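Peer 1: Below is a structure I'd like to ask you about.
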Amino acid sequence: MSSLQTPAGPSLAIRREAFSFTGSAREYFGIWIVNVLLTILTLGIYSAWAKVRRQRYFYGNTHLAGATFDYHALPWRILVGRIIVVTMLVIYNVVVNFFPVFGLVVFAIFLFAVPWFIMRGLRFNARVTSYRNVRFDFTGGYWGAFIAYIVGGALIYLSAGLLTPISSRWMWNYMLGNLRYGGRPIECDPRLGKLYGQMWLPAFILIGGGLLGVAIVIAIVIGAGFPEFDTTGSSGWSIAMTMIAVYGAMVPLFLIVLLAGLIYRAGVRNVVFNETVIDGRHMLASSVHRGRFAWISISNLFATLFTLGLARPWAAIRMASYMATVTALDTTGALDAYASDLKNAGTATGSEFLDVEGFDLGF
Amino acid sequence: MASEQGAVAGLWRNAGEARAIDARLAIAADGTTSVTDEAGTVLAWGAFQGTTVSDRIGSIARKVTFPGGGVFETSDNDGIDRIMAPHSRGPAGFIHQLERFRPRLIAFVLATVLLGAAIYRYAVPLLVEVAVAVTPPAVSTLMSKGALASLDQTVFEPSKLDAERQKALSDGFAQLVALTDAPEPERTAYTLNFRAGGPIGPNAFALPDGTVVLTDELVKLAGQDDELILGVLGHEIGHVDHKHSLRQLYRAAGVTALIMLIGGDIGSGTEDIMVQGAALLSLSHSRDAESDADKFSVALMHKAGRDPAAIARFFELLRDKLGDHAEGNFLSSHPATPERIAETRRYAREITGSN
């Protein structure tokens, strides 16, 4: 609030502006339940309006230096995008089910189509986002997305995860480095060494947890002895026991993989944000505590599941609040000296039809 | 100037500019909306109908956008609602009224749960029926031709069954098809195809257009018992007649789409778990479809003057020769074999006893 009144002079002093989040679980609960109810009632059509209300609530409650963010997407445009995505899902299912041979061809087509959708999705989201009345823009191209997501994704699989930081670097460089604010560039060039530094703890958790899990399963199998585990594996009892053993092993394994992923993600966010510079003068700062982030994520998931979804609004607000408190912007100059790039403002509202959130942009 | 009905305090920003100045917005009785700075200088003005006021959501700041692109922003939600009330058309902030934290939200929670269940139980099946009804037969034919062609390329070899046996089975198959209630064009679409099963072994399956495939391995398993094979074919005709595969396909796509659409509201972790849950539930539909087809076979064989329990004998053969004693559980796509034997035998007795 105060910075608005402070005339920002041309000093080179660094001033830290903290992000803050003012949404409340009580307020969001009403918005959320009405969103879910109307979405179900309209067989999904309201989901586009629901998304706009949800995004506006979270953006509008995110404060930085006395101003908030805003989300300007038009619901019917989101609806058109969603209809396209759902139609493609149906076609994909039909083809994979009835033309197994063409399934491969369709998979290849998808592989080349996904980067295009990611690019358009990022551009859409950037152009409908504003801070202080000034719009963001995204200038990434198709091949950048192809390298970051398809080549980067393949790299992770082919190297059994060892090259994950390279892929993380490409993705973040693509996502943040192509962002523009008020026509001014944003640079994001996280150093590979630092990203690798974030891999030790998750790798240790994966290997340690995996070994421990295998040891426990072996102990259970030997301990219980599976006396009537006949060789055909077809007796009902042994199938039930096998199922219990499989699920007993799967759930902890799932949690270990989840935990390692969350810790890596939090560490990478810190590295990436701390090396992101806006307009050559304002530096993003992130200080996520990895353990705390993992705790919030996992306890949120369990709270949501055990309340059959009712704790979801509380969980979402809790996460947004935490992420805001660990994010800041080190500014060296006035934040209100920006203006929307009017040349881009026209296309921003004119040509976007696709909001492709069916594809997860995570890791 | 016309008399003011009150004003709200906020910030003014020129089109596309980040810089803000303190300002006040007022709406006159004739709808003239004006923004003035602290010194009283008019920054913008125009008819209220020409401006856009953002919807009220929680307590986030409201924005009044003027035709030129300038934006007045205020956190005084009640204030702006009050001064614009005489000039706005329709029930302003209807959704916001629903969303307020009041005891009736409990009713919304209950309504959501009940509606969700009702949609899964009634609306999805109804939509599936509509989709099945509007799917032109050409689509089924195209799908089936594609599926058989790709299986022929990858899995199957030509049948080594002698022509005499093929003819006997085909005749029996045609007799069964002729006894179904299907209209003439659908009946002529039924074809029986013989293949060497390779990796899929003793098996028979039906494609949505009536293409039924029977593997040599299954014929060998049945020995000389043609009626037993016809019992199996009756089961496959049942799948085609009841359009099971199209139904399951549409159902899976519809349920997944619904879950995806509320995905943003429930978080990706919960979304993944719900998709898995829906897959488990779809297996129960698959088991129902199998029992359905079993009964169809019993009835059709009876109608054809053949042994209605032929399908039960086939399951007994599976049990004895392949050692299939498995109990069913919620993870099976088919009901358990012992259960199917008992159920088909019971139904066969029922159907013969009643005549």
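Convention: chains lettered A, B, ... in structure tokens order; per-chain residue numbering from 1; ligands numbered from 1 as shown.
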With a distance cut-off of 6 Å and only C-alpha atoms, select the neighbouring residues of stretch 298-314 of chain A, excluding the residue or stretch itself and same-chain residues fewer than 3 positions from it, and output the selection as a PyMOL selection string.
Peer 2: chain A and resi 25+29+295+317
Peer 1: Give me the residues of chain B that have any atom at most 7 Å from an atom of chain A; for each, the nearest atom pair and the distance in Å, rounded to one decimal. Use only C-alpha atoms, sort by chain and number, and format it as CSV.
Peer 2:
```
residue,atom,partner,partner_atom,distance
B:Gly16,CA,A:Ser340,CA,4.7
B:Glu17,CA,A:Ala339,CA,4.3
B:Ala18,CA,A:Asp336,CA,4.6
B:Arg19,CA,A:Asp336,CA,4.6
B:Ile57,CA,A:Tyr57,CA,6.3
B:Gly58,CA,A:Glu27,CA,5.9
B:Ile60,CA,A:Gly60,CA,5.3
B:Ala61,CA,A:Gly60,CA,6.8
B:Glu99,CA,A:Gly30,CA,4.2
B:Arg100,CA,A:Gly30,CA,5.7
B:Phe101,CA,A:Gly30,CA,5.7
B:Leu105,CA,A:Gly30,CA,6.7
B:Phe108,CA,A:Ile33,CA,6.9
B:Val109,CA,A:Ile33,CA,6.7
B:Thr112,CA,A:Leu37,CA,5.1
B:Gly116,CA,A:Ile40,CA,6.5
B:Met143,CA,A:Phe98,CA,5.5
B:Ser144,CA,A:Phe98,CA,6.8
B:Gly146,CA,A:Phe99,CA,5.3
B:Ala147,CA,A:Phe98,CA,4.9
B:Ser150,CA,A:Val101,CA,5.5
B:Ala253,CA,A:Val90,CA,5.9
B:Ala257,CA,A:Val86,CA,6.3
B:Leu258,CA,A:Gly44,CA,6.3
B:Leu261,CA,A:Gly44,CA,5.9
B:Ile262,CA,A:Ser47,CA,6.6
B:Asp265,CA,A:Trp32,CA,7.0
B:Ile266,CA,A:Arg312,CA,6.4
B:Gly269,CA,A:Leu301,CA,6.7
B:Asp324,CA,A:Ser234,CA,6.9
B:His325,CA,A:Ser234,CA,6.4
B:Ala326,CA,A:Ser234,CA,5.0
B:Glu327,CA,A:Gly236,CA,4.7
```
Peer 1: Please, could you write that set of residues out with N, CA, C and O atoms as a tab-separated table (two decimals), in the first residue's frame?
Peer 2:
```tsv
chain	number	residue	atom	x	y	z
B	16	GLY	N	-4.21	0.86	-19.98
B	16	GLY	CA	-2.96	0.13	-20.10
B	16	GLY	C	-1.82	0.65	-19.24
B	16	GLY	O	-0.69	0.16	-19.36
B	17	GLU	N	-2.08	1.62	-18.37
B	17	GLU	CA	-0.98	2.17	-17.57
B	17	GLU	C	-0.98	1.61	-16.16
B	17	GLU	O	-2.02	1.37	-15.56
B	18	ALA	N	0.21	1.44	-15.60
B	18	ALA	CA	0.33	0.89	-14.25
B	18	ALA	C	0.14	1.98	-13.20
B	18	ALA	O	-0.30	1.72	-12.09
B	19	ARG	N	0.51	3.23	-13.54
B	19	ARG	CA	0.45	4.31	-12.56
B	19	ARG	C	-0.99	4.59	-12.15
B	19	ARG	O	-1.88	4.68	-12.99
B	57	ILE	N	-16.70	-11.05	-6.65
B	57	ILE	CA	-16.23	-12.39	-6.27
B	57	ILE	C	-15.53	-12.26	-4.93
B	57	ILE	O	-14.48	-11.61	-4.84
B	58	GLY	N	-16.06	-12.85	-3.88
B	58	GLY	CA	-15.46	-12.70	-2.56
B	58	GLY	C	-15.33	-11.23	-2.24
B	58	GLY	O	-16.24	-10.45	-2.49
B	60	ILE	N	-12.57	-9.39	-3.46
B	60	ILE	CA	-11.51	-8.81	-4.30
B	60	ILE	C	-11.98	-7.47	-4.87
B	60	ILE	O	-13.17	-7.20	-4.94
B	61	ALA	N	-10.99	-6.66	-5.27
B	61	ALA	CA	-11.29	-5.31	-5.75
B	61	ALA	C	-12.17	-5.37	-7.01
B	61	ALA	O	-12.04	-6.28	-7.83
B	99	GLU	N	-22.94	-17.49	-3.35
B	99	GLU	CA	-21.65	-17.91	-2.80
B	99	GLU	C	-21.40	-17.46	-1.37
B	99	GLU	O	-20.46	-17.91	-0.75
B	100	ARG	N	-22.21	-16.56	-0.86
B	100	ARG	CA	-21.94	-16.02	0.48
B	100	ARG	C	-21.99	-17.11	1.53
B	100	ARG	O	-22.76	-18.05	1.43
B	101	PHE	N	-21.13	-16.94	2.54
B	101	PHE	CA	-21.01	-17.97	3.58
B	101	PHE	C	-22.23	-17.95	4.48
B	101	PHE	O	-22.30	-17.21	5.44
B	105	LEU	N	-25.25	-23.08	2.47
B	105	LEU	CA	-24.17	-23.76	1.74
B	105	LEU	C	-24.15	-25.25	2.09
B	105	LEU	O	-23.73	-26.07	1.28
B	108	PHE	N	-26.19	-26.80	-0.31
B	108	PHE	CA	-25.48	-26.90	-1.59
B	108	PHE	C	-24.58	-28.13	-1.61
B	108	PHE	O	-24.44	-28.81	-2.63
B	109	VAL	N	-23.92	-28.36	-0.45
B	109	VAL	CA	-23.04	-29.53	-0.37
B	109	VAL	C	-23.86	-30.80	-0.61
B	109	VAL	O	-23.48	-31.65	-1.43
B	112	THR	N	-24.93	-31.08	-4.16
B	112	THR	CA	-23.83	-31.48	-5.04
B	112	THR	C	-23.63	-32.99	-5.00
B	112	THR	O	-23.49	-33.64	-6.04
B	116	GLY	N	-24.43	-35.26	-8.11
B	116	GLY	CA	-23.32	-36.01	-8.68
B	116	GLY	C	-23.71	-37.46	-8.84
B	116	GLY	O	-23.51	-38.07	-9.90
B	143	MET	N	-15.20	-48.81	-37.60
B	143	MET	CA	-14.42	-49.20	-36.42
B	143	MET	C	-14.08	-50.68	-36.47
B	143	MET	O	-12.95	-51.08	-36.22
B	144	SER	N	-15.11	-51.50	-36.79
B	144	SER	CA	-14.92	-52.94	-36.75
B	144	SER	C	-13.96	-53.39	-37.83
B	144	SER	O	-13.09	-54.23	-37.59
B	146	GLY	N	-11.60	-51.65	-39.13
B	146	GLY	CA	-10.27	-51.22	-38.71
B	146	GLY	C	-9.69	-52.15	-37.66
B	146	GLY	O	-8.53	-52.55	-37.74
B	147	ALA	N	-10.53	-52.52	-36.68
B	147	ALA	CA	-10.03	-53.36	-35.60
B	147	ALA	C	-9.62	-54.73	-36.13
B	147	ALA	O	-8.55	-55.24	-35.79
B	150	SER	N	-6.42	-54.55	-38.22
B	150	SER	CA	-5.17	-54.40	-37.47
B	150	SER	C	-4.84	-55.66	-36.68
B	150	SER	O	-3.68	-56.01	-36.52
B	253	ALA	N	-15.69	-42.29	-21.83
B	253	ALA	CA	-15.33	-40.95	-22.30
B	253	ALA	C	-16.12	-39.88	-21.54
B	253	ALA	O	-15.57	-38.87	-21.11
B	257	ALA	N	-14.54	-37.08	-19.02
B	257	ALA	CA	-14.70	-35.66	-19.37
B	257	ALA	C	-15.29	-34.88	-18.20
B	257	ALA	O	-14.83	-33.79	-17.87
B	258	LEU	N	-16.30	-35.46	-17.54
B	258	LEU	CA	-16.91	-34.78	-16.39
B	258	LEU	C	-15.89	-34.55	-15.28
B	258	LEU	O	-15.81	-33.46	-14.71
B	261	LEU	N	-13.57	-31.80	-16.16
B	261	LEU	CA	-14.15	-30.47	-16.11
B	261	LEU	C	-14.19	-29.90	-14.69
B	261	LEU	O	-14.11	-28.69	-14.50
B	262	ILE	N	-14.35	-30.76	-13.67
B	262	ILE	CA	-14.28	-30.21	-12.32
B	262	ILE	C	-12.86	-30.30	-11.77
B	262	ILE	O	-12.60	-29.93	-10.64
B	265	ASP	N	-11.26	-27.49	-9.95
B	265	ASP	CA	-11.81	-27.18	-8.64
B	265	ASP	C	-11.43	-28.20	-7.57
B	265	ASP	O	-11.60	-27.95	-6.40
B	266	ILE	N	-10.96	-29.37	-7.98
B	266	ILE	CA	-10.70	-30.39	-6.98
B	266	ILE	C	-9.21	-30.69	-6.82
B	266	ILE	O	-8.83	-31.43	-5.93
B	269	GLY	N	-4.34	-33.99	-7.76
B	269	GLY	CA	-4.18	-35.24	-7.02
B	269	GLY	C	-5.52	-35.95	-6.88
B	269	GLY	O	-5.65	-37.14	-7.20
B	324	ASP	N	-9.68	-72.91	-14.22
B	324	ASP	CA	-10.15	-71.58	-13.85
B	324	ASP	C	-11.16	-71.66	-12.71
B	324	ASP	O	-12.34	-71.88	-12.90
B	325	HIS	N	-10.67	-71.50	-11.46
B	325	HIS	CA	-11.56	-71.57	-10.30
B	325	HIS	C	-11.68	-70.21	-9.62
B	325	HIS	O	-12.23	-70.12	-8.53
B	326	ALA	N	-11.11	-69.19	-10.22
B	326	ALA	CA	-10.97	-67.91	-9.53
B	326	ALA	C	-12.30	-67.36	-9.03
B	326	ALA	O	-13.33	-67.44	-9.71
B	327	GLU	N	-12.28	-66.84	-7.83
B	327	GLU	CA	-13.43	-66.11	-7.30
B	327	GLU	C	-13.42	-64.72	-7.94
B	327	GLU	O	-12.35	-64.19	-8.24
```
Peer 1: Compile the contact shell of A:Trp143 as an MDAnalysis selection string: residues with an atom at most 10 Å away, counting only C-alpha atoms, same-chain residues fewer than 5 positions apart removed.
Peer 2: chainID A and resid 112 115:116 119 148:150
Peer 1: Restricted to N, CA, C and O atoms, what would the selected residues look like written as a CSV table (one decimal), in the first residue's frame?
Peer 2:
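Output (out25.csv):
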```
chain,number,residue,atom,x,y,z
A,112,PHE,N,3.3,-34.5,-31.6
A,112,PHE,CA,3.7,-33.2,-32.3
A,112,PHE,C,2.6,-32.1,-32.0
A,112,PHE,O,2.9,-30.9,-32.2
A,115,PRO,N,3.1,-29.8,-28.1
A,115,PRO,CA,3.8,-28.6,-27.9
A,115,PRO,C,3.0,-27.4,-28.4
A,115,PRO,O,3.1,-26.3,-27.8
A,116,TRP,N,2.2,-27.6,-29.5
A,116,TRP,CA,1.5,-26.5,-30.0
A,116,TRP,C,0.4,-26.0,-29.0
A,116,TRP,O,0.2,-24.8,-28.7
A,119,MET,N,2.1,-24.3,-26.1
A,119,MET,CA,2.5,-22.9,-26.5
A,119,MET,C,1.2,-22.0,-26.5
A,119,MET,O,1.3,-20.9,-25.9
A,148,ALA,N,11.5,-28.2,-25.2
A,148,ALA,CA,11.3,-28.2,-23.7
A,148,ALA,C,10.5,-29.4,-23.2
A,148,ALA,O,10.8,-30.0,-22.2
A,149,TYR,N,9.4,-29.7,-23.9
A,149,TYR,CA,8.5,-30.7,-23.3
A,149,TYR,C,8.6,-32.1,-23.9
A,149,TYR,O,8.6,-33.0,-23.2
A,150,ILE,N,8.7,-32.2,-25.2
A,150,ILE,CA,8.8,-33.5,-25.8
A,150,ILE,C,10.2,-34.1,-25.7
A,150,ILE,O,10.5,-35.1,-25.1
```
Peer 1: Just want the 7 Å neighbourhood of A:Ala126, counted on only C-alpha atoms, with same-chain residues fewer than 4 positions away dropped. Output as an MDAnalysis selection string.
Peer 2: chainID A and resid 122 136:138
Peer 1: Using DSSP on the backbone coordinates, identify the residues of stretch 65-248 of chain A assigned to helix (DSSP H, G or I); present them as a PyMOL selection string.
Peer 2: chain A and resi 75-98+100-127+142-158+164-177+192-197+200-224+236-248
Peer 1: Using only C-alpha atoms, which residues sit within 12 Å of B:Gly277 once same-chain residues fewer than 4 positions away are excluded, as a PyMOL selection string?
Peer 2: chain B and resi 252+255-256+259+270-273+281-284+330-331
Peer 1: Could you give me, as a list in words, the residues within 10 Å of B:Ala342, counting only C-alpha atoms and dropping anything in the same chain fewer than 6 positions from it?
Peer 2: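 Everything that qualifies: Ala312, Phe315 and Ala348 of chain B.
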Peer 1: Residues at most 6 Å from stretch 48-54 of chain B, counting only C-alpha atoms, excluding those fewer than 5 positions away in the same chain, as number ranges by chain?
Peer 2: B: 31-33, 62-66
Peer 1: Rounded to one decimal, what separation in Å do you get between atom CA of B:Pro125 and atom CA of B:His244?
Peer 2: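 Computing the Euclidean distance for atom CA of B:Pro125 and atom CA of B:His244 yields 12.3 Å.
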Peer 1: Could you tell me how far atom CA of B:Asp216 sits from atom CA of B:Ser170, in Å to one decimal place?
Peer 2: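 Atom CA of B:Ser170 sits 13.7 Å away from atom CA of B:Asp216.
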Peer 1: Quick one: pick out all strand (DSSP E or B) residues within stretch 71-298 of chain A from a backbone DSSP run and write them as a list in words.
Peer 2: Tyr71, Thr129, Ser130, Tyr131, Val134, Arg135, Phe136, Asp137, Phe138, Leu179, Arg180, Tyr181, Arg184, Pro185, Ile186, Glu187, Cys188, Thr276, Val277, Ile278, His282, Met283, Leu284, Ala285 and Ser286 of chain A
